[in-house]
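For reference, start.csv (CSV, C-alpha atoms and all ligand atoms):
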```
chain,number,residue,atom,x,y,z
A,20,MET,CA,5.4,70.4,56.6
A,21,LYS,CA,8.4,70.1,54.3
A,22,LEU,CA,11.4,72.4,53.8
A,23,GLN,CA,12.5,73.5,50.4
A,24,LEU,CA,15.9,75.2,49.9
A,25,ALA,CA,15.8,77.7,47.1
A,26,LEU,CA,19.1,78.2,45.2
A,27,ASP,CA,19.1,81.4,43.1
A,28,LEU,CA,22.3,83.3,43.0
A,29,VAL,CA,24.8,80.5,42.6
A,30,ASN,CA,26.2,78.4,39.7
A,31,ILE,CA,26.1,74.6,39.5
A,32,PRO,CA,29.3,73.8,41.5
A,33,GLU,CA,28.4,76.4,44.1
A,34,GLY,CA,24.9,75.0,44.4
A,35,ILE,CA,26.1,71.5,44.8
A,36,ALA,CA,28.6,72.5,47.4
A,37,LEU,CA,25.9,74.4,49.3
A,38,VAL,CA,23.5,71.5,49.3
A,39,LYS,CA,26.2,69.2,50.7
A,40,GLU,CA,26.3,71.4,53.8
A,41,VAL,CA,22.5,71.2,54.4
A,42,GLU,CA,21.3,68.1,52.7
A,43,SER,CA,20.2,66.3,55.8
A,44,TYR,CA,17.9,69.2,56.8
A,45,VAL,CA,16.0,69.8,53.6
A,46,ASP,CA,13.4,67.8,51.6
A,47,ILE,CA,13.4,69.6,48.3
A,48,VAL,CA,16.1,71.6,46.5
A,49,GLU,CA,14.9,74.3,44.2
A,50,ILE,CA,16.9,75.2,41.1
A,51,GLY,CA,15.8,78.9,41.0
A,52,THR,CA,14.8,80.9,38.0
A,53,PRO,CA,18.1,82.8,37.8
A,54,ILE,CA,20.0,79.5,37.7
A,55,VAL,CA,17.8,78.2,35.0
A,56,ILE,CA,18.4,81.4,33.0
A,57,ASN,CA,22.2,81.2,33.5
A,58,GLU,CA,22.7,77.4,33.2
A,59,GLY,CA,19.6,75.9,31.6
A,60,LEU,CA,18.0,72.7,32.6
A,61,HIS,CA,21.5,71.1,32.9
A,62,ALA,CA,21.4,72.5,36.5
A,63,VAL,CA,18.4,70.4,37.3
A,64,LYS,CA,20.1,67.3,36.0
A,65,ALA,CA,23.3,68.0,37.8
A,66,MET,CA,21.5,68.5,41.1
A,67,LYS,CA,19.4,65.3,40.7
A,68,ASP,CA,22.5,63.3,39.8
A,69,ALA,CA,24.4,64.6,42.8
A,70,PHE,CA,21.5,64.1,45.3
A,71,PRO,CA,19.2,61.4,44.0
A,72,HIS,CA,17.6,61.0,47.4
A,73,LEU,CA,16.3,64.6,47.4
A,74,GLU,CA,13.4,66.0,45.4
A,75,VAL,CA,14.4,68.7,42.9
A,76,LEU,CA,12.1,71.5,41.9
A,77,ALA,CA,12.7,73.4,38.6
A,78,ASP,CA,11.5,77.0,39.1
A,79,LEU,CA,10.7,77.6,35.5
A,80,LYS,CA,7.7,79.9,36.3
A,81,ILE,CA,5.9,78.5,33.2
A,82,MET,CA,3.6,81.0,31.5
A,83,ASP,CA,2.8,79.2,28.2
A,84,ALA,CA,3.3,75.9,26.5
A,85,GLY,CA,2.7,74.1,29.8
A,86,GLY,CA,2.7,70.5,28.6
A,87,TYR,CA,5.9,70.9,26.5
A,88,GLU,CA,7.9,72.7,29.2
A,89,ILE,CA,6.9,70.2,31.9
A,90,MET,CA,8.1,67.4,29.5
A,91,LYS,CA,11.5,69.1,29.1
A,92,ALA,CA,11.9,69.6,32.9
A,93,ALA,CA,10.9,66.0,33.5
A,94,GLU,CA,13.5,64.8,31.0
A,95,ALA,CA,16.1,66.7,33.0
A,96,GLY,CA,15.0,64.9,36.2
A,97,ALA,CA,12.8,67.5,38.0
A,98,ASP,CA,10.3,66.1,40.5
A,99,LEU,CA,8.3,69.3,40.8
A,100,VAL,CA,8.0,72.2,38.3
A,101,THR,CA,6.5,75.7,38.8
A,102,VAL,CA,3.8,77.3,36.7
A,103,LEU,CA,2.5,80.8,37.2
A,104,GLY,CA,-1.0,81.4,38.6
A,105,VAL,CA,-1.4,84.3,36.2
A,106,SER,CA,-1.2,82.0,33.2
A,107,ASN,CA,-4.2,81.0,31.1
A,108,ASP,CA,-6.1,78.0,32.5
A,109,MET,CA,-5.2,76.0,29.3
A,110,THR,CA,-1.5,76.4,30.2
A,111,ILE,CA,-2.1,75.1,33.7
A,112,LYS,CA,-4.3,72.2,32.4
A,113,GLY,CA,-1.6,71.2,29.9
A,114,ALA,CA,1.0,71.3,32.6
A,115,VAL,CA,-1.1,69.2,35.0
A,116,GLU,CA,-1.9,66.6,32.3
A,117,GLU,CA,1.8,66.2,31.3
A,118,ALA,CA,2.9,66.1,34.9
A,119,LYS,CA,0.5,63.3,35.7
A,120,LYS,CA,1.8,61.3,32.7
A,121,GLN,CA,5.4,61.8,33.9
A,122,ASN,CA,4.6,61.2,37.6
A,123,LYS,CA,5.7,64.7,38.5
A,124,LYS,CA,4.2,67.5,40.6
A,125,ILE,CA,3.1,71.0,39.7
A,126,LEU,CA,3.5,73.9,42.1
A,127,VAL,CA,1.6,77.0,41.0
A,128,ASP,CA,3.3,80.3,42.0
A,129,MET,CA,0.7,82.9,42.7
A,130,ILE,CA,3.2,85.8,42.4
A,131,ASN,CA,1.4,89.0,41.1
A,132,VAL,CA,-2.1,87.4,41.1
A,133,ALA,CA,-4.5,90.3,41.6
A,134,ASP,CA,-7.5,88.5,43.2
A,135,LEU,CA,-5.6,85.8,45.2
A,136,GLU,CA,-8.6,84.1,46.9
A,137,LYS,CA,-10.6,83.8,43.6
A,138,ARG,CA,-7.6,82.6,41.5
A,139,ALA,CA,-6.6,80.1,44.2
A,140,ARG,CA,-10.0,78.5,44.1
A,141,GLU,CA,-9.9,78.4,40.3
A,142,VAL,CA,-6.3,76.9,40.2
A,143,ASP,CA,-7.2,74.4,43.0
A,144,ALA,CA,-10.0,73.1,40.7
A,145,LEU,CA,-7.5,72.4,37.9
A,146,GLY,CA,-5.9,69.6,39.9
A,147,VAL,CA,-2.5,71.1,40.7
A,148,ASP,CA,-0.4,69.7,43.6
A,149,TYR,CA,0.7,72.9,45.4
A,150,ILE,CA,-0.5,76.5,45.4
A,151,CYS,CA,2.3,78.8,46.6
A,152,VAL,CA,2.0,82.4,47.8
A,153,HIS,CA,5.2,84.2,46.9
A,154,THR,CA,6.5,87.7,47.6
A,155,GLY,CA,9.1,88.2,44.9
A,156,TYR,CA,12.5,89.9,45.3
A,157,ASP,CA,11.2,93.2,43.9
A,158,GLN,CA,8.3,93.3,46.4
A,159,GLN,CA,10.5,92.2,49.3
A,160,ALA,CA,12.7,95.2,48.5
A,161,VAL,CA,9.9,97.5,49.3
A,162,GLY,CA,9.1,95.7,52.6
A,163,GLU,CA,6.3,93.2,51.6
A,164,ASN,CA,6.0,89.7,52.9
A,165,PRO,CA,3.8,86.7,52.1
A,166,PHE,CA,2.2,86.0,55.6
A,167,GLU,CA,-1.2,87.6,55.0
A,168,ASP,CA,-1.4,85.9,51.6
A,169,LEU,CA,-0.7,82.5,53.1
A,170,LEU,CA,-3.8,82.9,55.4
A,171,THR,CA,-5.9,83.8,52.4
A,172,ILE,CA,-5.0,80.7,50.4
A,173,LYS,CA,-5.4,78.5,53.5
A,174,ARG,CA,-9.0,79.6,53.5
A,175,ALA,CA,-9.6,79.1,49.8
A,176,VAL,CA,-7.7,75.9,48.9
A,177,THR,CA,-9.3,72.5,49.6
A,178,ASN,CA,-7.5,70.0,47.3
A,179,ALA,CA,-4.0,71.2,46.7
A,180,LYS,CA,-1.2,71.5,49.3
A,181,THR,CA,-0.2,75.1,50.3
A,182,ALA,CA,3.3,76.6,50.1
A,183,VAL,CA,4.9,79.9,51.0
A,184,ALA,CA,8.0,81.7,49.7
A,185,GLY,CA,9.6,85.1,49.8
A,186,GLY,CA,12.2,86.4,52.2
A,187,ILE,CA,11.4,83.8,55.0
A,188,LYS,CA,14.1,83.8,57.7
A,189,LEU,CA,14.6,81.9,61.0
A,190,GLU,CA,13.3,85.0,62.8
A,191,THR,CA,10.0,85.1,60.8
A,192,LEU,CA,9.5,81.4,60.6
A,193,PRO,CA,7.2,81.1,63.7
A,194,GLU,CA,4.6,83.3,62.0
A,195,VAL,CA,4.7,81.1,58.9
A,196,ILE,CA,4.5,77.9,61.0
A,197,LYS,CA,1.4,79.2,62.8
A,198,ALA,CA,-0.5,79.2,59.5
A,199,ALA,CA,0.6,75.5,58.9
A,200,PRO,CA,1.5,75.5,55.2
A,201,ASP,CA,2.5,72.1,53.7
A,202,LEU,CA,5.7,73.5,52.3
A,203,VAL,CA,8.0,76.3,53.5
A,204,ILE,CA,10.5,77.6,50.9
A,205,VAL,CA,13.6,79.4,52.2
A,206,GLY,CA,16.4,80.8,50.0
A,207,GLY,CA,18.5,83.7,51.3
A,208,GLY,CA,17.4,82.8,54.9
A,209,ILE,CA,19.7,79.8,54.6
A,210,THR,CA,22.1,80.6,51.7
A,211,GLY,CA,23.0,84.0,53.1
A,212,ALA,CA,23.7,82.6,56.6
A,213,GLU,CA,27.3,82.4,58.0
A,214,ASP,CA,26.6,78.8,59.4
A,215,LYS,CA,24.2,77.4,56.8
A,216,ALA,CA,23.9,74.0,58.4
A,217,ALA,CA,23.1,75.4,61.8
A,218,VAL,CA,20.3,77.6,60.4
A,219,ALA,CA,18.9,74.9,58.2
A,220,SER,CA,18.9,72.5,61.1
A,221,GLU,CA,17.1,74.9,63.4
A,222,ILE,CA,14.5,75.7,60.6
A,223,GLN,CA,14.0,72.0,60.1
A,224,ARG,CA,13.6,71.5,63.9
A,225,LEU,CA,10.9,74.2,64.1
A,226,ILE,CA,9.1,72.9,61.1
A,227,LYS,CA,9.0,69.3,62.3
A,228,GLN,CA,7.7,70.3,65.7
A,229,GLY,CA,5.0,72.4,63.9
B,301,LIG,O1,11.5,82.3,43.4
B,301,LIG,C1,12.3,83.0,43.9
B,301,LIG,C2,12.6,84.4,43.3
B,301,LIG,O2,11.5,84.7,42.4
B,301,LIG,C3,13.8,84.4,42.4
B,301,LIG,O3,13.7,83.4,41.4
B,301,LIG,C4,13.1,82.6,45.1
B,301,LIG,O4,13.6,81.3,45.0
B,301,LIG,C5,12.1,82.7,46.4
B,301,LIG,O5,11.7,84.0,46.5
B,301,LIG,C6,12.8,82.1,47.6
B,301,LIG,O6,14.0,82.9,47.9
B,301,LIG,P1,14.1,83.9,49.2
B,301,LIG,O7,13.1,85.0,48.9
B,301,LIG,O8,15.5,84.4,49.1
B,301,LIG,O9,13.8,83.1,50.4
```

Would you mind giving the structure from this file in structure tokens?
Ligand SMILES: O=C([C@H](O)CO)[C@H](O)[C@H](O)COP(=O)(O)O
Amino acid sequence: MKLQLALDLVNIPEGIALVKEVESYVDIVEIGTPIVINEGLHAVKAMKDAFPHLEVLADLKIMDAGGYEIMKAAEAGADLVTVLGVSNDMTIKGAVEEAKKQNKKILVDMINVADLEKRAREVDALGVDYICVHTGYDQQAVGENPFEDLLTIKRAVTNAKTAVAGGIKLETLPEVIKAAPDLVIVGGGITGAEDKAAVASEIQRLIKQG
């Protein structure tokens, strides 16, 4: 099980300063969609240049032009890139093909997918690296969480690795770990903590002990 730190509501210098505090506890740093909107793919390059030993995920939430957008993220230094599960199969196929050429990984974000089990099987057959259940900010605001969805994809997916995101905190982590995803994504649960290093270290400890 790996830990991904999601950076969303910071600029590039704030993001780099934050990662410095927790770098020994995380495996992947996510440049979140709000950062990409504010700063562009320069943010991915800046993070990879600052922390070459960490994997960097560009949360582009690709919906079209899969091959082209993966190519641009790869040029910026991204190791993993997100594509939406609600996209057309052609978009996901294009993304997978380009990612293979560039030796990069695709994480499919299943946010807002209506029939999760069916779509997870379909996406799994397209050769993606990760399938991720995700309760977005707007759904978190009305009390939703991704725990049940994680169990659903664990049943459906046989080839890809599984991932989970959406409001995960130290207190809710044990429920996530029970379902044994391959990747746990935590944003506000670390970035919003008073002592970020202490929380990240404890999350890493729980994840490693499984
Ligand atoms: O992907 C995310 C969200 O859609 C904003 O872009 C977040 O990175 C993801 O939800 C993880 O962050 P937390 O929910 O704060 O843990």

So that I can see what lies close to Glu49 of chain A, please list as a VMD selection string the residues with an atom at most 8 Å from it, counting only C-alpha atoms and leaving out residues fewer than 4 positions away in the same chain.
chain A and resid 23 to 26 75 to 78

Enumerate as a VMD selection string the residues within 9 Å of ligand LIG 301 (chain B), counting all atoms listed in the file.
chain A and resid 24 to 28 49 to 54 78 to 80 128 130 153 to 157 159 183 to 188 204 to 211

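Using all atoms listed in the file, the contacts of Leu169 of chain A at a cut-off of 6 Å, with sequence neighbours closer than 3 positions omitted, comprise Val152, Phe166 and Ile172 of chain A.
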
Taking all atoms listed in the file into account, name the residue in A:Leu22, A:Val218, A:Val142, A:Val203 that is nearest to Gly104 of chain A.
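So, comparing all the options, the nearest one is A:Val142.
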
For Glu194 of chain A, which residue out of A:Asp214, A:Glu141, A:Glu116, A:Glu167 is the nearest one, using only C-alpha atoms?
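Result for the nearest residue to Glu194 of chain A: A:Glu167.
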
Cut-off 12 Å around (2.0, 84.5, 29.0) with only C-alpha atoms: residues as a list in words
Lys80, Ile81, Met82, Asp83, Ala84, Gly85, Val102, Leu103, Gly104, Val105, Ser106, Asn107, Asp108, Met109, Thr110 and Ile111 of chain A

Ref. answer, residues at most 12 Å from (-6.1, 90.8, 48.3) with all atoms listed in the file, as a ChimeraX atom specification
/A:129,131-139,152,165,167-172

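In this structure, atom CA of Glu42 of chain A sits 21.1 Å away from atom CA of Ile196 of chain A.
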
Could you pull the residues within 6 Å of segment 176-182 of chain A, counting only C-alpha atoms, minus those fewer than 2 positions along the same chain, as a ChimeraX atom specification?
/A:140,143,148-151,172-173,200-203

Go ahead and compute the interatomic distance for atom CA of Asp98 of chain A and atom CA of Ile56 of chain A, in Å to one decimal.
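Going from atom CA of Asp98 of chain A over to atom CA of Ile56 of chain A, I get 18.9 Å.
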
Might you pull out every residue within 10 Å of Lys227 of chain A, with only C-alpha atoms counted and same-chain residues fewer than 3 positions away left off, and present them as a PyMOL selection string?
chain A and resi 20-22+196+221-224

Hey, which of A:Leu37, A:Ile47, A:Leu60, A:Val161 ends up closest to Ala95 of chain A? Count only C-alpha atoms.
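Of all the options, A:Leu60 lies closest to Ala95 of chain A.
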
Taking only C-alpha atoms into account, which of A:Glu94, A:Ile89, A:Leu145, A:Val100 comes nearest Glu117 of chain A?
A:Ile89

Report the distance between atom CA of Leu225 of chain A and atom CA of His72 of chain A in Å, rounded to one decimal place.
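Interatomic distance here is 22.3 Å.
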
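The shortest atom-to-atom distance to Val45 of chain A, with all atoms listed in the file taken into account, belongs to A:Leu73 out of A:Leu73, A:Ala114, A:Leu192, A:Ala199.
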
Distance query His61 of chain A at most 10 Å, all atoms listed in the file, self and fewer than 6 positions along chain excluded, as a PyMOL selection string:
chain A and resi 31+54-55+67+92+95-96

Best match for closeness to Val115 of chain A among A:Val147, A:Ala216, A:Val195, A:Ala97, counting only C-alpha atoms:
A:Val147

Will you model N, CA and C atoms for segment 149-179 of chain A and pass it back as an mmCIF file, keeping the file's coordinate frame?
```cif
data_model
loop_
_atom_site.group_PDB
_atom_site.id
_atom_site.type_symbol
_atom_site.label_atom_id
_atom_site.label_comp_id
_atom_site.auth_asym_id
_atom_site.auth_seq_id
_atom_site.Cartn_x
_atom_site.Cartn_y
_atom_site.Cartn_z
ATOM 1 N N TYR A 149 0.470 71.827 44.351
ATOM 2 C CA TYR A 149 0.700 72.900 45.400
ATOM 3 C C TYR A 149 0.276 74.213 44.832
ATOM 4 N N ILE A 150 -0.233 75.046 45.734
ATOM 5 C CA ILE A 150 -0.500 76.500 45.400
ATOM 6 C C ILE A 150 0.385 77.254 46.395
ATOM 7 N N CYS A 151 1.223 78.121 45.818
ATOM 8 C CA CYS A 151 2.300 78.800 46.600
ATOM 9 C C CYS A 151 2.094 80.312 46.567
ATOM 10 N N VAL A 152 1.994 80.939 47.735
ATOM 11 C CA VAL A 152 2.000 82.400 47.800
ATOM 12 C C VAL A 152 3.506 82.808 47.785
ATOM 13 N N HIS A 153 3.810 83.896 47.093
ATOM 14 C CA HIS A 153 5.200 84.200 46.900
ATOM 15 C C HIS A 153 5.374 85.765 46.788
ATOM 16 N N THR A 154 6.123 86.310 47.708
ATOM 17 C CA THR A 154 6.500 87.700 47.600
ATOM 18 C C THR A 154 7.881 87.730 46.912
ATOM 19 N N GLY A 155 7.910 88.241 45.684
ATOM 20 C CA GLY A 155 9.100 88.200 44.900
ATOM 21 C C GLY A 155 10.193 89.183 45.423
ATOM 22 N N TYR A 156 11.397 89.055 44.884
ATOM 23 C CA TYR A 156 12.500 89.900 45.300
ATOM 24 C C TYR A 156 12.148 91.388 45.245
ATOM 25 N N ASP A 157 11.485 91.780 44.142
ATOM 26 C CA ASP A 157 11.200 93.200 43.900
ATOM 27 C C ASP A 157 10.216 93.742 44.951
ATOM 28 N N GLN A 158 9.277 92.866 45.372
ATOM 29 C CA GLN A 158 8.300 93.300 46.400
ATOM 30 C C GLN A 158 8.946 93.238 47.794
ATOM 31 N N GLN A 159 9.825 92.248 47.997
ATOM 32 C CA GLN A 159 10.500 92.200 49.300
ATOM 33 C C GLN A 159 11.346 93.472 49.488
ATOM 34 N N ALA A 160 11.895 93.990 48.379
ATOM 35 C CA ALA A 160 12.700 95.200 48.500
ATOM 36 C C ALA A 160 11.969 96.404 48.964
ATOM 37 N N VAL A 161 10.649 96.381 48.815
ATOM 38 C CA VAL A 161 9.900 97.500 49.300
ATOM 39 C C VAL A 161 9.085 97.082 50.601
ATOM 40 N N GLY A 162 9.576 96.027 51.266
ATOM 41 C CA GLY A 162 9.100 95.700 52.600
ATOM 42 C C GLY A 162 7.884 94.746 52.657
ATOM 43 N N GLU A 163 7.522 94.126 51.518
ATOM 44 C CA GLU A 163 6.300 93.200 51.600
ATOM 45 C C GLU A 163 6.745 91.820 52.015
ATOM 46 N N ASN A 164 5.764 91.077 52.531
ATOM 47 C CA ASN A 164 6.000 89.700 52.900
ATOM 48 C C ASN A 164 4.741 88.839 52.576
ATOM 49 N N PRO A 165 4.878 87.502 52.566
ATOM 50 C CA PRO A 165 3.800 86.700 52.100
ATOM 51 C C PRO A 165 2.820 86.149 53.216
ATOM 52 N N PHE A 166 2.937 86.662 54.441
ATOM 53 C CA PHE A 166 2.200 86.000 55.600
ATOM 54 C C PHE A 166 0.709 86.149 55.469
ATOM 55 N N GLU A 167 0.210 87.352 55.124
ATOM 56 C CA GLU A 167 -1.200 87.600 55.000
ATOM 57 C C GLU A 167 -1.790 86.709 53.829
ATOM 58 N N ASP A 168 -1.025 86.667 52.744
ATOM 59 C CA ASP A 168 -1.400 85.900 51.600
ATOM 60 C C ASP A 168 -1.561 84.398 51.890
ATOM 61 N N LEU A 169 -0.682 83.930 52.763
ATOM 62 C CA LEU A 169 -0.700 82.500 53.100
ATOM 63 C C LEU A 169 -2.064 82.208 53.837
ATOM 64 N N LEU A 170 -2.496 83.108 54.730
ATOM 65 C CA LEU A 170 -3.800 82.900 55.400
ATOM 66 C C LEU A 170 -4.928 82.888 54.409
ATOM 67 N N THR A 171 -4.816 83.746 53.382
ATOM 68 C CA THR A 171 -5.900 83.800 52.400
ATOM 69 C C THR A 171 -5.989 82.483 51.609
ATOM 70 N N ILE A 172 -4.844 81.916 51.169
ATOM 71 C CA ILE A 172 -5.000 80.700 50.400
ATOM 72 C C ILE A 172 -5.354 79.488 51.323
ATOM 73 N N LYS A 173 -4.960 79.564 52.588
ATOM 74 C CA LYS A 173 -5.400 78.500 53.500
ATOM 75 C C LYS A 173 -6.894 78.421 53.610
ATOM 76 N N ARG A 174 -7.552 79.606 53.503
ATOM 77 C CA ARG A 174 -9.000 79.600 53.500
ATOM 78 C C ARG A 174 -9.622 79.107 52.237
ATOM 79 N N ALA A 175 -8.944 79.397 51.111
ATOM 80 C CA ALA A 175 -9.600 79.100 49.800
ATOM 81 C C ALA A 175 -9.312 77.744 49.240
ATOM 82 N N VAL A 176 -8.177 77.155 49.584
ATOM 83 C CA VAL A 176 -7.700 75.900 48.900
ATOM 84 C C VAL A 176 -8.230 74.693 49.674
ATOM 85 N N THR A 177 -8.841 73.747 48.940
ATOM 86 C CA THR A 177 -9.300 72.500 49.600
ATOM 87 C C THR A 177 -8.638 71.255 49.144
ATOM 88 N N ASN A 178 -8.123 71.258 47.900
ATOM 89 C CA ASN A 178 -7.500 70.000 47.300
ATOM 90 C C ASN A 178 -5.992 70.062 47.354
ATOM 91 N N ALA A 179 -5.435 71.142 46.847
ATOM 92 C CA ALA A 179 -4.000 71.200 46.700
ATOM 93 C C ALA A 179 -3.325 71.463 48.071
#
```
